[in-house]
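J.: Have a peek at entry_24.cif (mmCIF, C-alpha atoms).
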```cif
data_start
#
loop_
_atom_site.label_atom_id
_atom_site.label_comp_id
_atom_site.auth_asym_id
_atom_site.auth_seq_id
_atom_site.Cartn_x
_atom_site.Cartn_y
_atom_site.Cartn_z
CA MET A 405 43.40 45.23 87.72
CA ARG A 406 45.52 45.20 90.84
CA SER A 407 48.50 43.70 89.05
CA ALA A 408 48.29 46.39 86.39
CA GLU A 409 48.31 48.98 89.13
CA ASN A 410 51.27 47.28 90.72
CA SER A 411 53.27 47.08 87.53
CA GLY A 412 52.50 50.77 87.04
CA ARG A 413 53.98 51.38 90.44
CA ALA A 414 56.95 49.21 89.64
CA ILE A 415 57.71 51.27 86.57
CA GLY A 416 57.35 54.40 88.64
CA LEU A 417 59.78 53.00 91.17
CA LEU A 418 62.27 52.08 88.49
CA LEU A 419 62.11 55.63 87.18
CA LEU A 420 62.67 56.91 90.70
CA LEU A 421 65.62 54.58 90.98
CA LEU A 422 67.16 55.85 87.78
CA MET A 423 66.81 59.41 88.98
CA VAL A 424 68.51 58.56 92.26
CA LEU A 425 71.40 56.93 90.47
CA ILE A 426 71.77 59.44 87.67
CA GLY A 427 71.00 62.57 89.69
CA PRO A 428 74.27 62.61 91.68
CA LEU A 429 76.24 61.78 88.52
CA ALA A 430 74.80 64.76 86.72
CA GLN A 431 75.59 66.98 89.69
CA ALA A 432 79.11 65.60 89.97
CA GLN A 433 79.95 66.50 86.39
CA PRO A 434 80.93 70.18 86.84
CA GLN A 435 83.06 69.28 89.88
CA ALA A 436 85.22 66.88 87.89
CA GLN A 437 87.48 69.65 86.61
CA PRO A 438 88.97 71.00 89.87
CA ALA A 439 89.43 67.46 91.15
CA ALA A 440 91.53 66.65 88.10
CA THR A 441 93.74 69.70 88.48
CA GLY A 442 94.10 69.00 92.20
CA GLN A 443 95.40 65.59 91.27
CA ASN A 444 97.86 67.31 88.97
CA TRP A 445 99.51 69.12 91.90
CA VAL A 446 99.80 65.86 93.78
CA ASP A 447 101.43 64.27 90.73
CA GLN A 448 103.88 67.14 90.39
CA LEU A 449 105.08 66.64 93.97
CA SER A 450 105.28 62.85 93.68
CA GLY A 451 108.13 60.72 92.47
CA LEU A 452 111.08 61.88 94.54
CA GLN A 453 113.84 59.45 93.53
CA SER A 454 116.37 59.86 96.30
CA PRO A 455 116.18 62.37 99.15
CA PRO A 456 118.36 65.36 98.23
CA ASP A 457 121.14 66.63 100.41
CA ILE A 458 119.71 70.04 101.33
CA ASP A 459 120.87 71.82 104.45
CA VAL A 460 118.36 74.63 104.82
CA ALA A 461 120.28 76.51 107.52
CA ALA A 462 123.51 76.40 105.50
CA LEU A 463 121.66 77.58 102.40
CA ARG A 464 120.24 80.51 104.33
CA GLN A 465 123.72 81.55 105.49
CA GLU A 466 125.10 81.16 102.01
CA ALA A 467 122.48 83.49 100.56
CA ALA A 468 123.13 86.10 103.25
CA ALA A 469 126.89 85.84 102.74
CA ARG A 470 126.58 86.30 99.00
CA ILE A 471 124.67 89.53 99.51
CA LYS A 472 127.05 90.78 102.18
CA THR A 473 130.11 90.29 99.96
CA LYS A 474 128.22 91.84 97.03
CA ALA A 475 129.01 88.77 94.94
CA ASP A 476 127.20 88.27 91.60
CA ALA A 477 125.93 91.82 91.55
CA VAL A 478 124.28 91.65 88.12
CA PRO A 479 120.93 89.79 88.40
CA LEU A 480 121.08 88.56 84.81
CA LYS A 481 124.39 86.78 85.41
CA ARG A 482 123.58 85.53 88.90
CA PRO A 483 123.85 81.73 89.22
CA PRO A 484 121.14 79.95 91.27
CA ILE A 485 122.20 79.53 94.86
CA ALA A 486 120.52 76.17 95.30
CA ALA A 487 120.73 74.47 91.93
CA GLN A 488 119.79 71.13 93.52
CA LEU A 489 116.28 72.52 94.15
CA LEU A 490 115.66 72.58 90.41
CA GLU A 491 116.04 68.80 90.23
CA LEU A 492 113.28 68.10 92.75
CA PRO A 493 109.58 67.42 92.22
CA ARG A 494 108.17 70.89 92.78
CA LEU A 495 105.30 73.26 92.29
CA VAL A 496 105.63 76.91 91.38
CA ILE A 497 102.61 78.72 92.78
CA ASP A 498 101.28 82.24 92.45
CA ILE A 499 100.37 83.64 95.84
CA GLN A 500 99.53 87.32 96.13
CA PHE A 501 100.84 89.22 99.15
CA ASP A 502 100.25 92.78 100.33
CA GLU A 503 103.17 94.84 99.09
CA ASP A 504 106.37 94.41 101.10
CA THR A 505 104.60 92.30 103.72
CA PRO A 506 104.05 88.59 104.39
CA ILE A 507 100.26 89.11 104.47
CA VAL A 508 98.48 86.90 101.95
CA ARG A 509 95.81 88.65 99.87
CA PRO A 510 92.30 87.19 100.33
CA ASP A 511 92.14 86.20 96.65
CA SER A 512 94.93 83.70 97.34
CA TYR A 513 93.19 81.99 100.31
CA GLY A 514 91.74 79.35 98.01
CA THR A 515 95.22 78.63 96.65
CA LEU A 516 96.55 78.12 100.18
CA GLY A 517 93.65 75.76 100.85
CA ARG A 518 94.53 73.90 97.68
CA ILE A 519 98.14 73.52 98.84
CA ALA A 520 96.82 72.07 102.10
CA ASP A 521 94.52 69.70 100.17
CA THR A 522 97.51 68.60 98.10
CA LEU A 523 99.87 68.05 101.03
CA SER A 524 97.23 66.05 102.91
CA ASP A 525 96.52 63.79 99.94
CA PRO A 526 97.08 60.18 101.03
CA SER A 527 99.64 59.55 98.30
CA LEU A 528 101.85 62.32 99.69
CA ALA A 529 101.34 61.34 103.34
CA GLY A 530 104.61 61.26 105.22
CA TYR A 531 106.57 63.23 102.61
CA LYS A 532 108.37 66.40 103.66
CA PHE A 533 108.45 69.67 101.78
CA LEU A 534 110.46 72.84 101.51
CA ILE A 535 108.56 76.08 100.99
CA VAL A 536 110.73 78.51 99.05
CA GLY A 537 110.09 82.25 98.89
CA HIS A 538 111.36 84.35 95.98
CA THR A 539 111.28 87.99 94.93
CA ARG A 540 112.01 89.77 91.71
CA ALA A 541 115.24 91.71 91.33
CA GLY A 542 115.10 95.36 92.27
CA GLY A 543 115.46 97.35 95.47
CA ARG A 544 117.80 96.10 98.14
CA ARG A 545 118.97 92.52 97.91
CA ASP A 546 119.05 92.03 101.70
CA PHE A 547 115.51 93.41 102.04
CA ASN A 548 114.34 91.02 99.33
CA LEU A 549 116.01 88.10 101.03
CA ALA A 550 114.36 88.92 104.35
CA LEU A 551 110.96 89.53 102.72
CA SER A 552 111.03 86.21 100.88
CA GLN A 553 111.92 84.43 104.12
CA ARG A 554 109.03 86.10 105.95
CA ARG A 555 106.65 85.14 103.15
CA ALA A 556 107.80 81.52 103.07
CA ASP A 557 107.45 81.43 106.88
CA ALA A 558 103.94 82.92 106.62
CA VAL A 559 102.84 80.24 104.15
CA ARG A 560 104.26 77.57 106.46
CA ASP A 561 102.47 79.11 109.48
CA ILE A 562 99.13 79.18 107.67
CA LEU A 563 99.50 75.56 106.57
CA VAL A 564 100.40 74.50 110.11
CA THR A 565 98.04 76.60 112.24
CA THR A 566 94.98 76.92 110.05
CA PHE A 567 95.07 73.76 107.98
CA LYS A 568 96.87 71.56 110.54
CA ILE A 569 99.58 70.18 108.31
CA SER A 570 102.20 68.66 110.60
CA PRO A 571 105.02 71.17 111.27
CA LYS A 572 107.47 68.28 111.05
CA ARG A 573 106.73 67.99 107.35
CA LEU A 574 107.43 71.61 106.43
CA GLN A 575 110.52 73.78 106.26
CA ALA A 576 110.68 77.29 104.86
CA ILE A 577 113.43 79.29 103.23
CA GLY A 578 113.61 82.64 101.47
CA LEU A 579 115.99 82.98 98.57
CA GLY A 580 115.11 86.59 97.70
CA GLU A 581 116.44 87.42 94.27
CA GLU A 582 119.31 84.99 94.61
CA GLN A 583 117.54 82.29 92.64
CA LEU A 584 115.39 83.94 90.01
CA LEU A 585 112.55 81.84 88.65
CA ASP A 586 112.71 83.71 85.35
CA THR A 587 116.43 84.26 84.88
CA ALA A 588 115.96 86.06 81.57
CA HIS A 589 113.63 88.67 83.08
CA PRO A 590 114.85 89.54 86.61
CA ASN A 591 112.09 92.14 87.07
CA ALA A 592 109.19 89.98 85.93
CA ALA A 593 106.35 89.45 88.40
CA THR A 594 106.64 85.69 87.91
CA ASN A 595 109.79 85.86 90.03
CA GLN A 596 107.65 86.53 93.11
CA ARG A 597 106.15 83.09 93.17
CA ILE A 598 106.39 80.55 95.95
CA GLN A 599 107.85 77.13 95.30
CA ILE A 600 107.05 73.95 97.12
CA ALA A 601 109.56 71.15 96.67
CA THR A 602 109.48 67.58 97.92
CA ILE A 603 112.65 67.07 99.97
CA ALA A 604 112.15 63.84 101.91
CA THR A 605 110.31 60.59 101.35
CA ALA A 606 107.99 58.90 103.79
CA PRO A 607 110.10 57.04 106.36
CA MET B 1017 57.71 66.56 92.49
CA LEU B 1018 59.03 63.03 92.30
CA ARG B 1019 62.52 64.32 92.43
CA ARG B 1020 61.79 66.42 95.46
CA ASN B 1021 60.27 63.47 97.30
CA LEU B 1022 63.28 61.46 96.42
CA LEU B 1023 65.64 64.00 97.77
CA ARG B 1024 63.68 63.97 100.95
CA TYR B 1025 64.08 60.21 101.13
CA GLN B 1026 67.74 60.46 100.46
CA SER B 1027 68.26 63.08 103.13
CA GLY B 1028 66.21 60.86 105.41
CA PHE B 1029 68.81 58.18 104.89
CA LEU B 1030 71.61 60.57 105.48
CA ASP B 1031 70.11 61.41 108.82
CA GLY B 1032 69.95 57.75 109.59
CA GLN B 1033 66.17 57.72 109.64
CA LEU B 1034 65.82 54.48 107.76
CA GLY B 1035 62.48 53.60 109.27
CA ARG B 1036 60.65 56.71 108.20
CA ALA B 1037 61.99 56.57 104.68
CA ALA B 1038 61.03 52.92 104.35
CA THR B 1039 57.43 53.56 105.29
CA GLY B 1040 57.37 56.60 103.08
CA ILE B 1041 58.28 54.65 100.00
CA GLY B 1042 54.82 53.15 99.86
CA ALA B 1043 52.45 50.65 101.31
CA MET B 1044 53.29 47.84 98.92
CA GLN B 1045 52.08 44.44 99.93
CA ASP B 1046 52.74 41.59 97.54
CA GLY B 1047 55.95 39.59 97.38
CA PHE B 1048 57.28 41.08 94.19
CA MET B 1049 56.91 44.58 95.51
CA THR B 1050 58.53 43.64 98.80
CA SER B 1051 61.62 42.37 97.06
CA MET B 1052 61.58 45.47 94.84
CA ARG B 1053 61.44 47.56 97.94
CA GLY B 1054 64.36 45.68 99.41
CA MET B 1055 66.40 46.30 96.30
CA LEU B 1056 65.42 49.91 96.19
CA LEU B 1057 66.45 50.33 99.80
CA LEU B 1058 69.82 48.76 99.13
CA LEU B 1059 70.42 50.92 96.11
CA LEU B 1060 69.27 54.04 97.90
CA ILE B 1061 71.63 53.25 100.76
CA SER B 1062 74.54 52.74 98.41
CA ALA B 1063 73.67 55.92 96.50
CA GLY B 1064 73.29 57.75 99.78
CA SER B 1065 76.56 56.53 101.26
CA SER B 1066 78.60 57.49 98.20
CA ALA B 1067 77.40 61.05 98.69
CA LEU B 1068 77.73 60.67 102.43
CA ALA B 1069 78.71 63.99 103.94
CA GLU B 1070 82.14 64.44 102.49
CA THR B 1071 83.48 67.52 104.17
CA MET B 1072 84.33 70.52 101.98
CA LYS B 1073 87.73 70.74 100.34
CA LEU B 1074 90.03 73.22 102.03
CA GLU B 1075 90.47 74.98 98.71
CA ASP B 1076 86.73 75.62 98.50
CA ALA B 1077 86.29 76.57 102.15
CA ALA B 1078 89.19 79.03 102.17
CA GLY B 1079 88.11 80.26 98.75
CA ILE B 1080 84.67 81.20 100.08
CA LEU B 1081 86.30 83.24 102.84
CA GLY B 1082 88.60 85.00 100.40
CA THR B 1083 85.84 85.75 97.92
CA SER B 1084 83.08 86.82 100.30
CA CYS B 1085 85.27 88.79 102.70
CA ALA B 1086 88.03 90.28 100.52
CA LYS B 1087 86.77 93.87 100.94
CA ASP B 1088 85.98 93.45 104.62
CA ILE B 1089 89.41 92.02 105.37
CA ASP B 1090 91.07 94.87 103.50
CA ALA B 1091 88.94 97.44 105.30
CA SER B 1092 89.00 96.08 108.84
CA CYS B 1093 91.65 93.40 109.17
CA ARG B 1094 94.52 94.58 107.01
CA GLY B 1095 97.76 93.13 108.29
CA VAL B 1096 96.09 90.04 109.74
CA ASN B 1097 97.04 86.84 107.95
CA LEU B 1098 94.71 83.93 107.21
CA ASP B 1099 94.41 82.38 110.63
CA SER B 1100 91.55 80.44 112.16
CA ILE B 1101 91.92 82.35 115.43
CA ARG B 1102 93.26 85.83 114.75
CA LEU B 1103 91.48 86.53 111.48
CA LYS B 1104 88.24 85.05 112.77
CA ASP B 1105 88.48 87.19 115.91
CA CYS B 1106 89.16 90.28 113.88
CA LEU B 1107 86.16 89.63 111.63
CA ALA B 1108 83.96 88.95 114.65
CA ARG B 1109 84.96 92.30 116.17
CA ASN B 1110 83.98 94.09 112.98
CA GLU B 1111 80.66 92.47 112.28
CA ASP B 1112 78.70 95.72 112.59
CA THR B 1113 80.43 97.27 109.59
CA MET B 1114 80.63 94.06 107.59
CA SER B 1115 78.97 93.23 104.26
CA PRO B 1116 76.02 90.84 104.62
CA GLN B 1117 77.79 88.38 102.31
CA CYS B 1118 80.86 88.18 104.52
CA LYS B 1119 78.80 88.09 107.69
CA ALA B 1120 76.94 85.05 106.39
CA ASP B 1121 79.95 83.28 104.93
CA TYR B 1122 82.89 83.74 107.27
CA PRO B 1123 81.57 81.54 110.11
CA ARG B 1124 80.56 78.95 107.50
CA ALA B 1125 84.02 78.99 105.90
CA PHE B 1126 85.96 78.67 109.17
CA ASN B 1127 83.55 75.97 110.25
CA ALA B 1128 84.11 74.04 107.01
CA ILE B 1129 87.89 74.26 107.41
CA GLN B 1130 87.62 73.03 110.98
CA LYS B 1131 85.34 70.15 109.93
CA ARG B 1132 87.70 68.95 107.21
CA VAL B 1133 90.68 69.12 109.53
CA ALA B 1134 88.77 67.24 112.25
CA ALA B 1135 87.57 64.61 109.75
CA ARG B 1136 91.16 63.98 108.68
CA ALA B 1137 92.31 63.61 112.27
CA ALA B 1138 89.37 61.32 113.07
CA VAL B 1139 90.34 58.73 110.45
CA ARG B 1140 93.35 57.59 112.51
CA LYS B 1141 91.23 57.20 115.62
CA ILE B 1142 88.16 55.58 114.12
CA CYS B 1143 90.16 53.24 111.88
CA ASP B 1144 92.49 52.23 114.70
CA ARG B 1145 91.28 48.64 114.97
CA ASP B 1146 91.01 48.21 111.21
CA LEU B 1147 94.60 49.36 110.91
CA ALA B 1148 95.74 46.81 113.46
CA LYS B 1149 93.68 44.01 111.95
CA ILE B 1150 94.12 44.62 108.23
CA CYS B 1151 97.46 46.37 108.03
CA GLY B 1152 99.25 44.74 110.93
CA ALA B 1153 99.94 46.56 114.17
CA THR B 1154 103.48 47.33 113.03
CA GLN B 1155 102.36 49.98 110.56
CA LYS B 1156 102.34 52.85 113.01
CA GLU B 1157 103.61 55.51 110.68
CA ASP B 1158 100.82 57.77 109.43
CA GLY B 1159 101.48 57.74 105.68
CA ALA B 1160 101.96 54.02 105.23
CA ALA B 1161 99.02 53.16 107.48
CA LEU B 1162 96.71 55.51 105.62
CA LYS B 1163 97.72 54.11 102.25
CA CYS B 1164 97.25 50.56 103.53
CA ILE B 1165 93.72 51.15 104.80
CA LEU B 1166 92.73 52.97 101.61
CA ALA B 1167 94.03 50.09 99.51
CA ALA B 1168 92.12 47.50 101.55
CA THR B 1169 89.09 46.33 99.60
CA ARG B 1170 87.41 44.19 102.23
CA GLY B 1171 87.15 43.90 105.96
CA VAL B 1172 87.09 47.64 106.58
CA THR B 1173 84.39 48.52 109.11
CA ILE B 1174 81.49 50.78 108.18
CA ALA B 1175 82.62 53.40 110.69
CA CYS B 1176 86.11 53.48 109.23
CA ASN B 1177 84.80 53.70 105.67
CA LYS B 1178 82.54 56.55 106.73
CA ALA B 1179 85.46 58.38 108.34
CA ILE B 1180 87.54 57.96 105.18
CA ALA B 1181 84.70 59.33 103.05
CA GLU B 1182 84.17 62.29 105.35
CA ALA B 1183 87.85 63.18 105.21
CA GLY B 1184 87.61 63.22 101.40
CA TYR B 1185 90.23 60.51 101.02
CA ARG B 1186 88.14 58.66 98.44
#
```
Mind converting the file's structure to structure tokens?

T.:
Amino acid sequence: MRSAENSGRAIGLLLLLLMVLIGPLAQAQPQAQPAATGQNWVDQLSGLQSPPDIDVAALRQEAAARIKTKADAVPLKRPPIAAQLLELPRLVIDIQFDEDTPIVRPDSYGTLGRIADTLSDPSLAGYKFLIVGHTRAGGRRDFNLALSQRRADAVRDILVTTFKISPKRLQAIGLGEEQLLDTAHPNAATNQRIQIATIATAP
Amino acid sequence: MLRRNLLRYQSGFLDGQLGRAATGIGAMQDGFMTSMRGMLLLLLISAGSSALAETMKLEDAAGILGTSCAKDIDASCRGVNLDSIRLKDCLARNEDTMSPQCKADYPRAFNAIQKRVAARAAVRKICDRDLAKICGATQKEDGAALKCILAATRGVTIACNKAIAEAGYR
């Protein structure tokens, strides 16, 4: 009688056990998707072959000089100012800002968090990145250049102060409308995106 | 009902209250049941530790803030960027006109961000000895050391493993 009771209990325990083991699995299922896409961003920034020769300060001057001399006035025919950027592992990310300001809209907070998650992934530890601001063509070129610099700086500040990514790993540059992301459509909204490029390997 | 009890046991483990959970599982006396209980304990511990308090992803924490407080930020804190000091201060100053959703969620979101950041920083400290022992004291550089300790399959202390799990590195 007692053994029957015990084996009943044992079966009960086994059932309990199964629920413990399967329960978390079932809960984990819906979370699998974002984890996979997060990994995708990490992959996109991985695999820098050789560190590129990018002088951010020189690039900044070059962009300003091009605007000052009114070179390449037609956006459609404007060559990219930093063609070497296009060769790097990089992410092109949509971040919404308040108009004409470097203030990030609240609906993009999650995206900024995701950038921080990506940059603090162990497989990217030690790598350095360049945050590149862009604008679409239209309005004053010098205003656009300054705005894109302020936005790139703002993204860097948020990553450093709020999410504690090491400032040594991040540089920021604004390229305004001097390097259109969609060269065929200079006025397209996609030109306002932020790029993050891997520029140095772990030492 | 079973499931609810179980969850209570599991959370008991998470709180480190092994003793209470063990007595709660049942007053089983014979040898077979004792060994069953031992196994169950082990499995529960392993199930518990895999779910062990991983801090929230920054994407999710910042996302909660952006979703719950979008209108409040626009109304009261326009021009203030996402910042764990300035934006939080601004929201705190405007609590009396704030939506209940934002009021409940903004401290939670900032807290979750802070916890994740702290958990990441803690790994270096807590795993210090493991790093020296397993990865060689020469590996001082953050990236390489972190990769080394994550790749190590044995010899990592429980505290270090816990720190790695909390930081969301696994």

J.: So how far away is CA of Val564 in chain A from CA of Ile507 in chain A, in Å?

T.: 15.7 Å

J.: Compile the residues of chain B that lie within 6 Å of chain A, evaluated using all atoms listed in the file, and express the compilation as a list in words.

T.: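 The answer, sorted by residue number, is Leu1074, Glu1075, Ala1078, Gly1079, Gly1082, Ala1086, Asn1097, Asp1099, Ser1100 and Gly1159 of chain B.
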
J.: Got a sec to resolve the PyMOL selection byres ((chain B and resi 1133) around 9) on this structure and send the residues as a list in words?

T.: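 Listing what the PyMOL selection byres ((chain B and resi 1133) around 9) selects in the shown file: Thr566, Phe567 and Lys568 of chain A; Leu1074, Ala1128, Ile1129, Gln1130, Lys1131, Arg1132, Ala1134, Ala1135, Arg1136, Ala1137, Ala1138 and Ala1183 of chain B.
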
J.: I'd like the interatomic distance between CA of Pro493 in chain A and CA of Asp557 in chain A, to a tenth of an Å.

T.: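 Going from CA of Pro493 in chain A over to CA of Asp557 in chain A covers 20.4 Å.
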
J.: Place a sphere of radius 10 Å on (117.2, 88.2, 85.3) in the file coordinates and name every protein, DNA or RNA residue with an atom inside or on its surface, counting all atoms listed in the file; give the answer as a PyMOL selection string.

T.: chain A and resi 478-482+540-541+581+583-592+595

J.: From the set B:Cys1164, B:Cys1093, B:Ala1125, B:Ala1175, which residue has the shortest atom-to-atom contact distance to Ala1077 in chain B, counting all atoms listed in the file?

T.: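 Between B:Cys1164, B:Cys1093, B:Ala1125, B:Ala1175, the residue approaching Ala1077 in chain B most closely is B:Ala1125.
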
J.: Between A:Arg573, A:Arg494, A:Arg554, A:Arg464, which is the closest to Leu449 in chain A once you count all atoms listed in the file?

T.: A:Arg494

J.: For range 1138-1154 of chain B, which lacks atoms in the input, supply N, CA and C atoms and format the output as an mmCIF file, in the frame of the given file.

T.:
```cif
data_model
loop_
_atom_site.group_PDB
_atom_site.id
_atom_site.type_symbol
_atom_site.label_atom_id
_atom_site.label_comp_id
_atom_site.auth_asym_id
_atom_site.auth_seq_id
_atom_site.Cartn_x
_atom_site.Cartn_y
_atom_site.Cartn_z
ATOM 1 N N ALA B 1138 90.224 62.384 112.529
ATOM 2 C CA ALA B 1138 89.370 61.320 113.070
ATOM 3 C C ALA B 1138 89.647 59.967 112.412
ATOM 4 N N VAL B 1139 90.120 59.986 111.165
ATOM 5 C CA VAL B 1139 90.340 58.730 110.450
ATOM 6 C C VAL B 1139 91.279 57.817 111.254
ATOM 7 N N ARG B 1140 92.371 58.375 111.757
ATOM 8 C CA ARG B 1140 93.350 57.590 112.510
ATOM 9 C C ARG B 1140 92.692 56.922 113.723
ATOM 10 N N LYS B 1141 91.841 57.694 114.398
ATOM 11 C CA LYS B 1141 91.230 57.200 115.620
ATOM 12 C C LYS B 1141 90.196 56.122 115.312
ATOM 13 N N ILE B 1142 89.287 56.469 114.395
ATOM 14 C CA ILE B 1142 88.160 55.580 114.120
ATOM 15 C C ILE B 1142 88.637 54.303 113.431
ATOM 16 N N CYS B 1143 89.675 54.409 112.618
ATOM 17 C CA CYS B 1143 90.160 53.240 111.880
ATOM 18 C C CYS B 1143 91.232 52.471 112.652
ATOM 19 N N ASP B 1144 91.411 52.811 113.904
ATOM 20 C CA ASP B 1144 92.490 52.230 114.700
ATOM 21 C C ASP B 1144 92.510 50.702 114.649
ATOM 22 N N ARG B 1145 91.342 50.106 114.915
ATOM 23 C CA ARG B 1145 91.280 48.640 114.970
ATOM 24 C C ARG B 1145 91.445 48.023 113.579
ATOM 25 N N ASP B 1146 90.862 48.686 112.588
ATOM 26 C CA ASP B 1146 91.010 48.210 111.210
ATOM 27 C C ASP B 1146 92.483 48.198 110.830
ATOM 28 N N LEU B 1147 93.187 49.247 111.242
ATOM 29 C CA LEU B 1147 94.600 49.360 110.910
ATOM 30 C C LEU B 1147 95.374 48.198 111.525
ATOM 31 N N ALA B 1148 95.042 47.896 112.782
ATOM 32 C CA ALA B 1148 95.740 46.810 113.460
ATOM 33 C C ALA B 1148 95.415 45.472 112.795
ATOM 34 N N LYS B 1149 94.130 45.301 112.467
ATOM 35 C CA LYS B 1149 93.680 44.010 111.950
ATOM 36 C C LYS B 1149 94.116 43.797 110.502
ATOM 37 N N ILE B 1150 93.892 44.792 109.668
ATOM 38 C CA ILE B 1150 94.120 44.620 108.230
ATOM 39 C C ILE B 1150 95.561 44.915 107.841
ATOM 40 N N CYS B 1151 96.133 45.925 108.465
ATOM 41 C CA CYS B 1151 97.460 46.370 108.030
ATOM 42 C C CYS B 1151 98.572 45.906 108.951
ATOM 43 N N GLY B 1152 98.217 45.197 110.003
ATOM 44 C CA GLY B 1152 99.250 44.740 110.930
ATOM 45 C C GLY B 1152 99.608 45.865 111.881
ATOM 46 N N ALA B 1153 99.723 45.530 113.147
ATOM 47 C CA ALA B 1153 99.940 46.560 114.170
ATOM 48 C C ALA B 1153 101.257 47.287 113.998
ATOM 49 N N THR B 1154 102.153 46.721 113.179
ATOM 50 C CA THR B 1154 103.480 47.330 113.030
ATOM 51 C C THR B 1154 103.436 48.649 112.271
#
```
